[in-house]
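Data block for coords.csv (CSV, C-alpha atoms):
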chain,number,residue,atom,x,y,z
G,2,MET,CA,-7.8,-17.3,16.7
G,3,CYS,CA,-7.6,-14.1,14.7
G,4,ILE,CA,-7.1,-14.5,11.0
G,5,LEU,CA,-6.0,-11.3,9.2
G,6,SER,CA,-6.9,-11.0,5.6
G,7,LEU,CA,-4.3,-10.2,3.0
G,8,MET,CA,-3.7,-6.6,2.0
G,9,PRO,CA,-4.3,-6.4,-1.7
G,10,HIS,CA,-1.3,-4.2,-2.1
G,11,VAL,CA,1.3,-2.7,0.2
G,12,ILE,CA,3.5,0.3,-0.3
G,13,VAL,CA,7.0,-0.2,1.1
G,14,SER,CA,10.1,1.9,2.0
G,15,PRO,CA,11.1,3.4,-1.4
G,16,CYS,CA,8.0,5.6,-1.2
G,17,ILE,CA,9.2,7.3,2.1
G,18,GLY,CA,10.2,10.8,1.4
G,19,VAL,CA,9.4,10.5,-2.3
G,20,LYS,CA,5.6,10.3,-2.4
G,21,ASP,CA,5.3,10.6,-6.2
G,22,GLN,CA,1.6,10.9,-6.9
G,23,ALA,CA,1.7,8.8,-10.1
G,24,CYS,CA,0.1,5.9,-8.2
G,25,THR,CA,-2.8,8.1,-6.9
G,26,GLU,CA,-3.4,9.4,-10.4
G,27,VAL,CA,-4.1,6.0,-11.9
G,28,CYS,CA,-6.0,4.4,-9.1
G,29,PRO,CA,-9.6,4.0,-10.3
G,30,VAL,CA,-11.1,3.9,-6.8
G,31,GLU,CA,-8.9,6.5,-5.1
G,32,CYS,CA,-7.8,4.2,-2.3
G,33,ILE,CA,-4.3,5.5,-1.9
G,34,TYR,CA,-3.9,7.9,1.0
G,35,ASP,CA,-1.2,10.2,2.4
G,36,GLY,CA,0.1,8.4,5.4
G,37,GLY,CA,2.6,11.1,6.5
G,38,ASP,CA,6.0,10.0,5.3
G,39,GLN,CA,4.6,7.8,2.5
G,40,PHE,CA,1.4,6.8,0.8
G,41,LEU,CA,-0.7,3.9,2.0
G,42,ILE,CA,-3.4,1.7,0.3
G,43,HIS,CA,-6.7,1.2,2.1
G,44,PRO,CA,-7.2,-2.6,1.9
G,45,ASP,CA,-11.0,-2.4,2.2
G,46,GLU,CA,-11.2,0.1,-0.7
G,47,CYS,CA,-8.6,-1.4,-3.0
G,48,ILE,CA,-10.1,-3.5,-5.8
G,49,ASP,CA,-6.8,-5.3,-6.5
G,50,CYS,CA,-6.6,-4.1,-10.1
G,51,GLY,CA,-2.8,-3.5,-9.9
G,52,ALA,CA,-2.9,-0.2,-11.9
G,53,CYS,CA,-0.7,1.4,-9.3
G,54,VAL,CA,2.1,-1.1,-9.5
G,55,PRO,CA,3.6,-0.1,-12.9
G,56,ALA,CA,2.8,3.6,-12.2
G,57,CYS,CA,5.1,3.7,-9.2
G,58,PRO,CA,8.4,5.3,-10.3
G,59,VAL,CA,10.3,3.8,-7.3
G,60,SER,CA,8.8,0.3,-7.5
G,61,ALA,CA,7.4,0.5,-4.0
G,62,ILE,CA,4.1,-1.3,-4.4
G,63,PHE,CA,3.6,-5.0,-4.0
G,64,PRO,CA,0.9,-7.6,-3.3
G,65,GLU,CA,1.2,-8.5,0.4
G,66,GLU,CA,2.4,-12.0,-0.5
G,67,ASP,CA,5.2,-10.5,-2.6
G,68,VAL,CA,6.5,-7.9,-0.2
G,69,PRO,CA,10.3,-8.1,-0.3
G,70,GLY,CA,12.2,-9.5,2.7
G,71,GLY,CA,13.0,-6.9,5.2
G,72,GLU,CA,9.9,-4.8,4.2
G,73,GLU,CA,7.3,-6.9,6.1
G,74,SER,CA,6.9,-4.2,8.8
G,75,PHE,CA,5.0,-2.1,6.2
G,76,ILE,CA,2.2,-4.6,6.1
G,77,GLU,CA,1.6,-3.9,9.8
G,78,LYS,CA,2.1,-0.2,9.3
G,79,ASN,CA,-0.7,-0.2,6.8
G,80,ARG,CA,-3.0,-2.2,9.0
G,81,VAL,CA,-2.4,0.1,12.0
G,82,HIS,CA,-2.9,3.2,9.9
G,83,PHE,CA,-6.4,2.1,8.8
G,84,GLY,CA,-7.3,0.6,12.2
G,85,LEU,CA,-7.4,-3.0,11.1
Take the structure in the file and write it out as structure tokens.
Amino acid sequence: MCILSLMPHVIVSPCIGVKDQACTEVCPVECIYDGGDQFLIHPDECIDCGACVPACPVSAIFPEEDVPGGEESFIEKNRVHFGL
């Protein structure tokens, strides 16, 4: 049985096409990467400080367990991007 660990934070659909860099500017470990159409958070580098959450002007960043309904596909998108 494969058990996947939680993603500390996941960036969801409001980021697509916006990619405001406010979140990258406040991240103390620089774990937010350009994923093409949106930013993505590297789960192994994220220290779960939450600094990016209030910095996001489009409210697109959530702890995995709080990702809104209908946005769950972004959890897998993040895993795939980082090869997890």
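Using all atoms listed in the file for every distance, the candidate list G:Ala61, G:Val81, G:Leu41, G:Ala56 yields G:Ala61 as the residue closest to Cys16 (chain G).
Near Ser14 (chain G), within 8 Å and counting only C-alpha atoms, sit Ile17, Ala61, Glu72 and Phe75 of chain G; same-chain residues fewer than 3 positions away were not included.
With CA of Leu85 (chain G) on one side and CA of Asp21 (chain G) on the other, the separation reads 25.4 Å.
Considering all atoms listed in the file, the residue among G:Pro15, G:Gly36, G:Pro9, G:Pro29 positioned nearest to Lys78 (chain G) is G:Gly36.
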- Message: List the spatial neighbours of Glu31 (chain G) as a list in words - criterion: any atom at most 12 Å away, only C-alpha atoms, same-chain residues fewer than 4 positions off excluded.
- Response: Gln22, Ala23, Cys24, Thr25, Glu26, Val27, Asp35, Phe40, Leu41, Ile42, His43, Pro44, Asp45, Glu46, Cys47, Ile48, Cys50, Ala52 and Cys53 of chain G
Taking C-alpha atoms for each residue, export the selection above as a JSON list (two decimals), keeping the file's coordinate frame.
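Writing the result to selection38.json gives the following:
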[["chain", "number", "residue", "atom", "x", "y", "z"],
["G", 22, "GLN", "CA", 1.60, 10.90, -6.90],
["G", 23, "ALA", "CA", 1.70, 8.80, -10.10],
["G", 24, "CYS", "CA", 0.10, 5.90, -8.20],
["G", 25, "THR", "CA", -2.80, 8.10, -6.90],
["G", 26, "GLU", "CA", -3.40, 9.40, -10.40],
["G", 27, "VAL", "CA", -4.10, 6.00, -11.90],
["G", 35, "ASP", "CA", -1.20, 10.20, 2.40],
["G", 40, "PHE", "CA", 1.40, 6.80, 0.80],
["G", 41, "LEU", "CA", -0.70, 3.90, 2.00],
["G", 42, "ILE", "CA", -3.40, 1.70, 0.30],
["G", 43, "HIS", "CA", -6.70, 1.20, 2.10],
["G", 44, "PRO", "CA", -7.20, -2.60, 1.90],
["G", 45, "ASP", "CA", -11.00, -2.40, 2.20],
["G", 46, "GLU", "CA", -11.20, 0.10, -0.70],
["G", 47, "CYS", "CA", -8.60, -1.40, -3.00],
["G", 48, "ILE", "CA", -10.10, -3.50, -5.80],
["G", 50, "CYS", "CA", -6.60, -4.10, -10.10],
["G", 52, "ALA", "CA", -2.90, -0.20, -11.90],
["G", 53, "CYS", "CA", -0.70, 1.40, -9.30]]
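Rounded to one decimal, CA of Val19 (chain G) and CA of Leu7 (chain G) lie 25.4 Å from each other.
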- Closest to Phe63 (chain G) among G:Gly18, G:Cys28, G:Gly51, G:Ile33, using only C-alpha atoms? G:Gly51
- Query: What's the 9 Å shell around Ile62 (chain G), counting all atoms listed in the file, without same-chain residues fewer than 2 positions away, as a list in words?
  - Reply: His10, Val11, Ile12, Val13, Pro15, Cys16, Cys53, Val54, Pro55, Cys57, Val59, Ser60, Pro64 and Val68 of chain G
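From CA of His82 (chain G) back to CA of Glu66 (chain G), the distance works out to 19.2 Å.
Of the residues listed (G:Glu73, G:Arg80, G:Lys20, G:Asp49), G:Asp49 shows the shortest atom-to-atom separation from Cys32 (chain G); distances use all atoms listed in the file.
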